[in-house]
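S.K.: My structure is below; once you've seen it, I'll send some questions.
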Amino acid sequence: MSGPVGRFAPSPSGRLHLGNLACSLLAWLSAKSRGGRIILRIEDLDAARCPRVYADQLEEDLRWLGLFWDEGGSLGGPNGPYYQSECGEIYTESYKKLDDMQLVYPCFCSRAQLHAASAPHTADGNVVYPGTCRNLTPGEIAEKARQKAPAFRLKVPDERVSFADGCMGPYSENLLTDCGDFYLRRADGVFAYQLAVVVDDARMGVTEVVRGADLLSSTARQLYLYRLLGLPAPTFAHCPLLLAPDGRRLSKRDGDQSLENLREKYTAPEIVGKLAWLYGLQPEPAPRTPESLLPTFDWAKVPKKDICIPEGMF
Ligand code: GLU
């Protein structure tokens, strides 16, 4: 029997940071420890923010660390395109299916309006959409469309979606009250992450999604899309996020924990070893190669809470 098909799905909007690397390491270990494969998909949906140089740099960084993939990115393969910026027609097809089901509607609300509304927030910090544009009449839509190009949202039912996360354990969310109707397409025509990721993981034959815990709450929405589109859903494992020593989330914008700086100070096995220790995969932060971690890899060892990098570790 062939093993799982995992993937790296980085957004090349900057240099990789330690948190991205940690997720890539776990995705690689999870698939490879069971004889699986890894696909690299470049999530450059927002092409203007994701110049190709970042994608190329990211490949070079992953290889430097010893995280080799089997298919995708500049390697190519049978399930391309592997760059989301080249997949517009593929997303349009799935989008049309949802539209034909009468589940898509135009939304004219601005970000500022949404944040001003005293609506509850989703677990990932967005506003649960209060449904403002859900029931506009054709006349109202035409009137509003004269002022502003709309974004498009998917109508969700009042229904709880539950799943067993491979790292975090059981998780469930009510689509309507915890997420709300969500974007499928932005006003400028760019397809939304939720749609693109589902369509791509399905068409690439991905069976196991490993990614950061900041996307745990997206999973209910994605499972709903898999169901609507009649696509087989993968399993999910969300890894705890790495926090800077002062407790803030790492971001591509602050360079401190970016590979650019780290590569000047440490060897690849030193970085991999420290990450493996932070994620409970070895008892001390000694240098390791990814391969050497394969025999003892076990999701049960990985903590479920965010991990704060000790001061002075990197
Ligand atoms: N492209 C996303 C990111 O870099 C990851 C999406 C996913 O793994 O589903 O955060």
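The way I read the labels, and the way they are meant: chains A, B, ... in the order of the structure tokens, residue 1 as the first residue of every chain, and ligand 1 as the first ligand shown, with later ones counted on from there.
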Write as number ranges by chain the residues around ligand 1, taking 9 Å as the cut-off and counting only C-alpha atoms and all ligand atoms.
M.R.: A: 7-13, 20, 23, 41-44, 193-194, 197-198, 201, 209-212, 214-215, 218-219
S.K.: Show me, as a list in words, the residues that have an atom within 9 Å of Asp246 (chain A) when counting only C-alpha atoms, minus same-chain residues fewer than 4 positions from it.
M.R.: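 Final neighbour list, sorted by chain and number: Cys308, Ile309 and Glu311 of chain A.
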S.K.: For those residues, write N, CA, C and O atoms to a file as a PDB file, in the first residue's frame.
M.R.:
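The file below, out.pdb, is the result:
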```
ATOM      1  N   CYS A 308       6.590  28.787  22.887  1.00  0.00           N
ATOM      2  CA  CYS A 308       7.377  30.021  22.952  1.00  0.00           C
ATOM      3  C   CYS A 308       8.866  29.683  22.817  1.00  0.00           C
ATOM      4  O   CYS A 308       9.382  28.835  23.548  1.00  0.00           O
ATOM      5  N   ILE A 309       9.538  30.324  21.890  1.00  0.00           N
ATOM      6  CA  ILE A 309      10.968  30.070  21.686  1.00  0.00           C
ATOM      7  C   ILE A 309      11.732  30.669  22.876  1.00  0.00           C
ATOM      8  O   ILE A 309      11.555  31.863  23.167  1.00  0.00           O
ATOM      9  N   GLU A 311      14.355  32.588  25.071  1.00  0.00           N
ATOM     10  CA  GLU A 311      15.235  33.718  24.791  1.00  0.00           C
ATOM     11  C   GLU A 311      16.651  33.197  24.473  1.00  0.00           C
ATOM     12  O   GLU A 311      17.164  32.329  25.175  1.00  0.00           O
TER      13      GLU A 311
END
```
S.K.: Give the strand (DSSP E or B) residues of region 32-118 of chain A, as assigned by DSSP on the backbone, as a list in words.
M.R.: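 Strand (DSSP E or B) members of region 32-118 of chain A, listed: Arg37, Ile38, Ile39, Leu40, Ile42, Glu71, Gly72, Tyr83, Val104, Tyr105, Pro106 and Cys107 of chain A.
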S.K.: Atoms to include: N, CA and C atoms. Write the selected residues as a compact mmCIF listing (two decimals), in the first residue's frame.
M.R.:
```
# COMPACT_ATOMS: atom_id res chain seq x y z
N ARG A 37 4.67 10.60 0.30
CA ARG A 37 5.28 11.56 -0.63
C ARG A 37 4.91 12.99 -0.21
N ILE A 38 5.69 13.93 -0.70
CA ILE A 38 5.39 15.35 -0.43
C ILE A 38 5.32 16.12 -1.75
N ILE A 39 4.27 16.91 -1.86
CA ILE A 39 4.09 17.79 -3.02
C ILE A 39 4.35 19.23 -2.57
N LEU A 40 4.99 20.01 -3.41
CA LEU A 40 5.16 21.44 -3.11
C LEU A 40 4.21 22.26 -3.98
N ILE A 42 2.88 26.15 -4.54
CA ILE A 42 3.19 27.54 -4.23
C ILE A 42 1.88 28.34 -4.18
N GLU A 71 7.46 16.22 -5.81
CA GLU A 71 6.70 16.71 -6.97
C GLU A 71 6.30 18.15 -6.70
N GLY A 72 6.21 18.95 -7.76
CA GLY A 72 5.67 20.29 -7.59
C GLY A 72 6.72 21.39 -7.52
N TYR A 83 1.55 26.20 -9.17
CA TYR A 83 1.56 27.61 -8.73
C TYR A 83 0.11 28.08 -8.81
N VAL A 104 -23.96 31.04 -3.97
CA VAL A 104 -23.01 32.15 -4.01
C VAL A 104 -23.78 33.47 -4.15
N TYR A 105 -23.36 34.48 -3.40
CA TYR A 105 -24.02 35.78 -3.56
C TYR A 105 -23.01 36.92 -3.47
N PRO A 106 -23.32 38.04 -4.13
CA PRO A 106 -22.39 39.17 -4.08
C PRO A 106 -22.48 39.89 -2.73
N CYS A 107 -21.34 40.34 -2.26
CA CYS A 107 -21.29 41.04 -0.97
C CYS A 107 -20.59 42.38 -1.19
```
S.K.: Tell me which protein, DNA and RNA residues are within 12 Å of Gly131 (chain A), counting only C-alpha atoms, leaving out same-chain ones fewer than 6 positions away, and put them as a VMD selection string.
M.R.: chain A and resid 105 to 109 114 117 119 153 to 157 176 to 177 179 to 183
S.K.: Restricted to C-alpha atoms, what would the selected residues look like written as a PDB file, in the first residue's frame?
M.R.:
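result00.pdb written:
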```
ATOM      1  CA  TYR A 105     -24.022  35.780  -3.560  1.00  0.00           C
ATOM      2  CA  PRO A 106     -22.394  39.175  -4.080  1.00  0.00           C
ATOM      3  CA  CYS A 107     -21.290  41.045  -0.975  1.00  0.00           C
ATOM      4  CA  PHE A 108     -20.720  44.796  -0.983  1.00  0.00           C
ATOM      5  CA  CYS A 109     -19.623  45.207   2.635  1.00  0.00           C
ATOM      6  CA  LEU A 114     -17.517  44.600   8.956  1.00  0.00           C
ATOM      7  CA  ALA A 117     -20.315  45.839  13.229  1.00  0.00           C
ATOM      8  CA  ALA A 119     -20.514  40.839  15.266  1.00  0.00           C
ATOM      9  CA  ARG A 153     -19.537  34.702  -0.558  1.00  0.00           C
ATOM     10  CA  LEU A 154     -20.727  31.158  -0.018  1.00  0.00           C
ATOM     11  CA  LYS A 155     -23.930  30.648   1.974  1.00  0.00           C
ATOM     12  CA  VAL A 156     -23.380  28.222   4.828  1.00  0.00           C
ATOM     13  CA  PRO A 157     -26.026  26.248   6.740  1.00  0.00           C
ATOM     14  CA  LEU A 176     -23.149  29.628  10.500  1.00  0.00           C
ATOM     15  CA  THR A 177     -22.481  30.862  14.022  1.00  0.00           C
ATOM     16  CA  CYS A 179     -17.654  31.106  10.721  1.00  0.00           C
ATOM     17  CA  GLY A 180     -20.520  32.681   8.789  1.00  0.00           C
ATOM     18  CA  ASP A 181     -20.845  32.951   5.009  1.00  0.00           C
ATOM     19  CA  PHE A 182     -17.286  33.148   3.723  1.00  0.00           C
ATOM     20  CA  TYR A 183     -15.482  34.617   0.732  1.00  0.00           C
TER      21      TYR A 183
END
```
S.K.: Applying 7 Å and only C-alpha atoms, which residues near region 226-242 of chain A remain after dropping the ones on its own chain fewer than 2 positions away? List them as a count of residues only.
M.R.: 30
S.K.: A:Leu195, A:Leu278, A:Leu75, A:Ala116: which is nearest Lys96 (chain A), counting only C-alpha atoms?
M.R.: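 For Lys96 (chain A), the nearest of the given residues is A:Leu195.
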S.K.: As number ranges by chain, which residues of region 35-272 of chain A does DSSP assign to helix (DSSP H, G or I)?
M.R.: A: 47-49, 52-65, 73-75, 84-86, 88-100, 111-116, 138-147, 175-179, 193-203, 213-215, 218-229, 255-257, 259-265, 268-272
S.K.: Which residue out of A:Pro130, A:Pro287, A:Leu275, A:Thr296 has the minimum interatomic distance to Ala22 (chain A) when only C-alpha atoms are used?
M.R.: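 Of the candidates, the smallest distance to Ala22 (chain A) is held by A:Leu275.
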S.K.: So what do you get for CA of Ser2 (chain A) versus CA of Leu294 (chain A), distance-wise?
M.R.: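 Separation of CA of Ser2 (chain A) and CA of Leu294 (chain A): 17.0 Å.
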S.K.: Separation of CA of Val199 (chain A) and CA of Leu225 (chain A), in Å?
M.R.: 8.9 Å
S.K.: So, counting only C-alpha atoms, which residue among A:Ser258, A:Gln282, A:Thr267, A:Thr137 is closest to Leu18 (chain A)?
M.R.: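 Checking each candidate against Leu18 (chain A), we get A:Ser258 as the closest.
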